[in-house]
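All remarks here apply to the structure that follows.
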Amino acid sequence: QVQLVESGGGLVQAGGSLRLSCAASGRTFSTYAMGWFRQAPGKERELVAVINWSRGSTHYADSVKGRFTISRDNAKNTVYLQMNNLKPEDAAVYYCAWSDYPSTYAYWGQGTQVTVSS
């Protein structure tokens, strides 16, 4: 079992920045990767960014490349998403997800709302 606790969402003006955090606890020794997903009203959940836990390699959705940065603190079992130059289309509920196998996310956080005003 893995528990994920997210924080850092909120309201920001377009062009502003937010930093999301997700702390994992439990069976974290088997972490393969952690990722951030988002879901806007009426849309499907989409992958935003993912980081390989041991190698630190990253992957981003095209829509956020150059603006968002995913990072991790292995000692704290925490993953971060630094979001810069936010746009109204970035507004969504952001979810942290945990994986112990490629492309398979077994545990999810509760979600944190990001609102971007234009």
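Note on naming: chains are A, B, ... as they come in the structure tokens, residues start from 1 per chain, ligands start from 1 in the order shown.
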Which residues of region 46-81 of chain A come within 12 Å of region 88-92 of chain A, and for each one, what is the closest pair of atoms and their distance in Å to one decimal, counting only C-alpha atoms, sorted by chain and residue number, as a tab-separated table?
residue	atom	partner	partner_atom	distance
A:Glu46	CA	A:Ala92	CA	10.3
A:Val48	CA	A:Asp90	CA	10.0
A:Ala61	CA	A:Asp90	CA	11.8
A:Ser63	CA	A:Asp90	CA	9.0
A:Val64	CA	A:Asp90	CA	8.6
A:Arg67	CA	A:Asp90	CA	10.8
A:Phe68	CA	A:Asp90	CA	10.6
So which residues of region 29-66 of chain A fall under strand (DSSP E or B) by DSSP, listed as an mmCIF file with N, CA and C atoms, in the first residue's frame?
data_model
loop_
_atom_site.group_PDB
_atom_site.id
_atom_site.type_symbol
_atom_site.label_atom_id
_atom_site.label_comp_id
_atom_site.auth_asym_id
_atom_site.auth_seq_id
_atom_site.Cartn_x
_atom_site.Cartn_y
_atom_site.Cartn_z
ATOM 1 N N ALA A 33 8.395 4.897 -10.684
ATOM 2 C CA ALA A 33 8.247 6.264 -11.197
ATOM 3 C C ALA A 33 7.095 6.945 -10.456
ATOM 4 N N MET A 34 7.098 8.245 -10.531
ATOM 5 C CA MET A 34 5.954 9.028 -10.055
ATOM 6 C C MET A 34 5.608 10.057 -11.102
ATOM 7 N N GLY A 35 4.354 10.333 -11.190
ATOM 8 C CA GLY A 35 3.917 11.248 -12.237
ATOM 9 C C GLY A 35 2.853 12.204 -11.762
ATOM 10 N N TRP A 36 2.643 13.206 -12.562
ATOM 11 C CA TRP A 36 1.547 14.159 -12.356
ATOM 12 C C TRP A 36 0.607 14.079 -13.557
ATOM 13 N N PHE A 37 -0.644 13.982 -13.232
ATOM 14 C CA PHE A 37 -1.693 13.987 -14.247
ATOM 15 C C PHE A 37 -2.623 15.158 -13.939
ATOM 16 N N ARG A 38 -3.450 15.516 -14.890
ATOM 17 C CA ARG A 38 -4.451 16.551 -14.638
ATOM 18 C C ARG A 38 -5.731 16.226 -15.394
ATOM 19 N N GLN A 39 -6.820 16.752 -14.850
ATOM 20 C CA GLN A 39 -8.118 16.561 -15.482
ATOM 21 C C GLN A 39 -8.919 17.846 -15.358
ATOM 22 N N GLU A 46 -5.107 13.493 -18.267
ATOM 23 C CA GLU A 46 -3.938 13.423 -19.142
ATOM 24 C C GLU A 46 -2.648 13.464 -18.335
ATOM 25 N N LEU A 47 -1.634 12.816 -18.887
ATOM 26 C CA LEU A 47 -0.321 12.841 -18.257
ATOM 27 C C LEU A 47 0.315 14.201 -18.477
ATOM 28 N N VAL A 48 0.846 14.760 -17.403
ATOM 29 C CA VAL A 48 1.551 16.038 -17.481
ATOM 30 C C VAL A 48 3.055 15.810 -17.488
ATOM 31 N N ALA A 49 3.537 15.041 -16.522
ATOM 32 C CA ALA A 49 4.967 14.792 -16.417
ATOM 33 C C ALA A 49 5.180 13.546 -15.577
ATOM 34 N N VAL A 50 6.298 12.869 -15.844
ATOM 35 C CA VAL A 50 6.646 11.679 -15.077
ATOM 36 C C VAL A 50 8.151 11.658 -14.871
ATOM 37 N N ILE A 51 8.568 11.109 -13.738
ATOM 38 C CA ILE A 51 9.985 11.010 -13.440
ATOM 39 C C ILE A 51 10.317 9.602 -12.984
ATOM 40 N N ASN A 52 11.368 9.050 -13.550
ATOM 41 C CA ASN A 52 11.855 7.744 -13.123
ATOM 42 C C ASN A 52 12.555 7.890 -11.786
ATOM 43 N N THR A 58 13.087 12.159 -17.113
ATOM 44 C CA THR A 58 11.762 12.785 -17.102
ATOM 45 C C THR A 58 11.110 12.751 -18.482
ATOM 46 N N HIS A 59 9.802 12.896 -18.459
ATOM 47 C CA HIS A 59 9.018 12.979 -19.696
ATOM 48 C C HIS A 59 7.896 13.978 -19.456
ATOM 49 N N TYR A 60 7.647 14.809 -20.455
ATOM 50 C CA TYR A 60 6.624 15.841 -20.320
ATOM 51 C C TYR A 60 5.634 15.795 -21.475
#
Can you build me a table of region 1-66 of chain A residues sitting at most 8 Å from region 93-116 of chain A, with the closest atom pair per residue and its distance in Å to one decimal, using only C-alpha atoms, sorted by chain and residue number, as JSON lines?
{"residue": "A:Val2", "atom": "CA", "partner": "A:Tyr107", "partner_atom": "CA", "distance": 6.5}
{"residue": "A:Gln3", "atom": "CA", "partner": "A:Tyr107", "partner_atom": "CA", "distance": 7.4}
{"residue": "A:Leu4", "atom": "CA", "partner": "A:Gly109", "partner_atom": "CA", "distance": 4.9}
{"residue": "A:Val5", "atom": "CA", "partner": "A:Gly109", "partner_atom": "CA", "distance": 5.9}
{"residue": "A:Glu6", "atom": "CA", "partner": "A:Gly109", "partner_atom": "CA", "distance": 6.3}
{"residue": "A:Ser7", "atom": "CA", "partner": "A:Thr112", "partner_atom": "CA", "distance": 6.6}
{"residue": "A:Gly8", "atom": "CA", "partner": "A:Thr112", "partner_atom": "CA", "distance": 7.4}
{"residue": "A:Gly9", "atom": "CA", "partner": "A:Val114", "partner_atom": "CA", "distance": 5.0}
{"residue": "A:Gly10", "atom": "CA", "partner": "A:Val114", "partner_atom": "CA", "distance": 5.1}
{"residue": "A:Leu11", "atom": "CA", "partner": "A:Thr115", "partner_atom": "CA", "distance": 4.7}
{"residue": "A:Val12", "atom": "CA", "partner": "A:Val116", "partner_atom": "CA", "distance": 5.1}
{"residue": "A:Gln13", "atom": "CA", "partner": "A:Val116", "partner_atom": "CA", "distance": 5.4}
{"residue": "A:Ala14", "atom": "CA", "partner": "A:Val116", "partner_atom": "CA", "distance": 5.7}
{"residue": "A:Cys22", "atom": "CA", "partner": "A:Cys96", "partner_atom": "CA", "distance": 6.3}
{"residue": "A:Ser30", "atom": "CA", "partner": "A:Asp100", "partner_atom": "CA", "distance": 5.8}
{"residue": "A:Thr31", "atom": "CA", "partner": "A:Asp100", "partner_atom": "CA", "distance": 4.9}
{"residue": "A:Tyr32", "atom": "CA", "partner": "A:Asp100", "partner_atom": "CA", "distance": 4.4}
{"residue": "A:Ala33", "atom": "CA", "partner": "A:Ser99", "partner_atom": "CA", "distance": 5.1}
{"residue": "A:Met34", "atom": "CA", "partner": "A:Trp98", "partner_atom": "CA", "distance": 4.7}
{"residue": "A:Gly35", "atom": "CA", "partner": "A:Ala97", "partner_atom": "CA", "distance": 5.2}
{"residue": "A:Trp36", "atom": "CA", "partner": "A:Cys96", "partner_atom": "CA", "distance": 4.7}
{"residue": "A:Phe37", "atom": "CA", "partner": "A:Tyr95", "partner_atom": "CA", "distance": 5.1}
{"residue": "A:Arg38", "atom": "CA", "partner": "A:Tyr94", "partner_atom": "CA", "distance": 4.2}
{"residue": "A:Gln39", "atom": "CA", "partner": "A:Val93", "partner_atom": "CA", "distance": 5.3}
{"residue": "A:Ala40", "atom": "CA", "partner": "A:Val93", "partner_atom": "CA", "distance": 6.3}
Inset, instruction - Go through A:Thr69, A:Ser54, A:Gln1, A:Ser118 and flag the residue nearest Leu81 (chain A), using only C-alpha atoms for the distances. - result: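 Going through A:Thr69, A:Ser54, A:Gln1, A:Ser118 one by one, the smallest distance to Leu81 (chain A) is for A:Thr69.
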Inset, instruction - Considering only C-alpha atoms, state which residue in the set A:Gly42, A:Gly16, A:Gly66, A:Gly26 is at the smallest distance from Ser117 (chain A). - result: A:Gly16
Inset, instruction - Name the residues in contact with Gln82 (chain A) at a cut-off of 8 Å, using only C-alpha atoms, excluding same-chain residues fewer than 3 positions from it; report them as an MDAnalysis selection string. - result: chainID A and resid 17:20 68:70
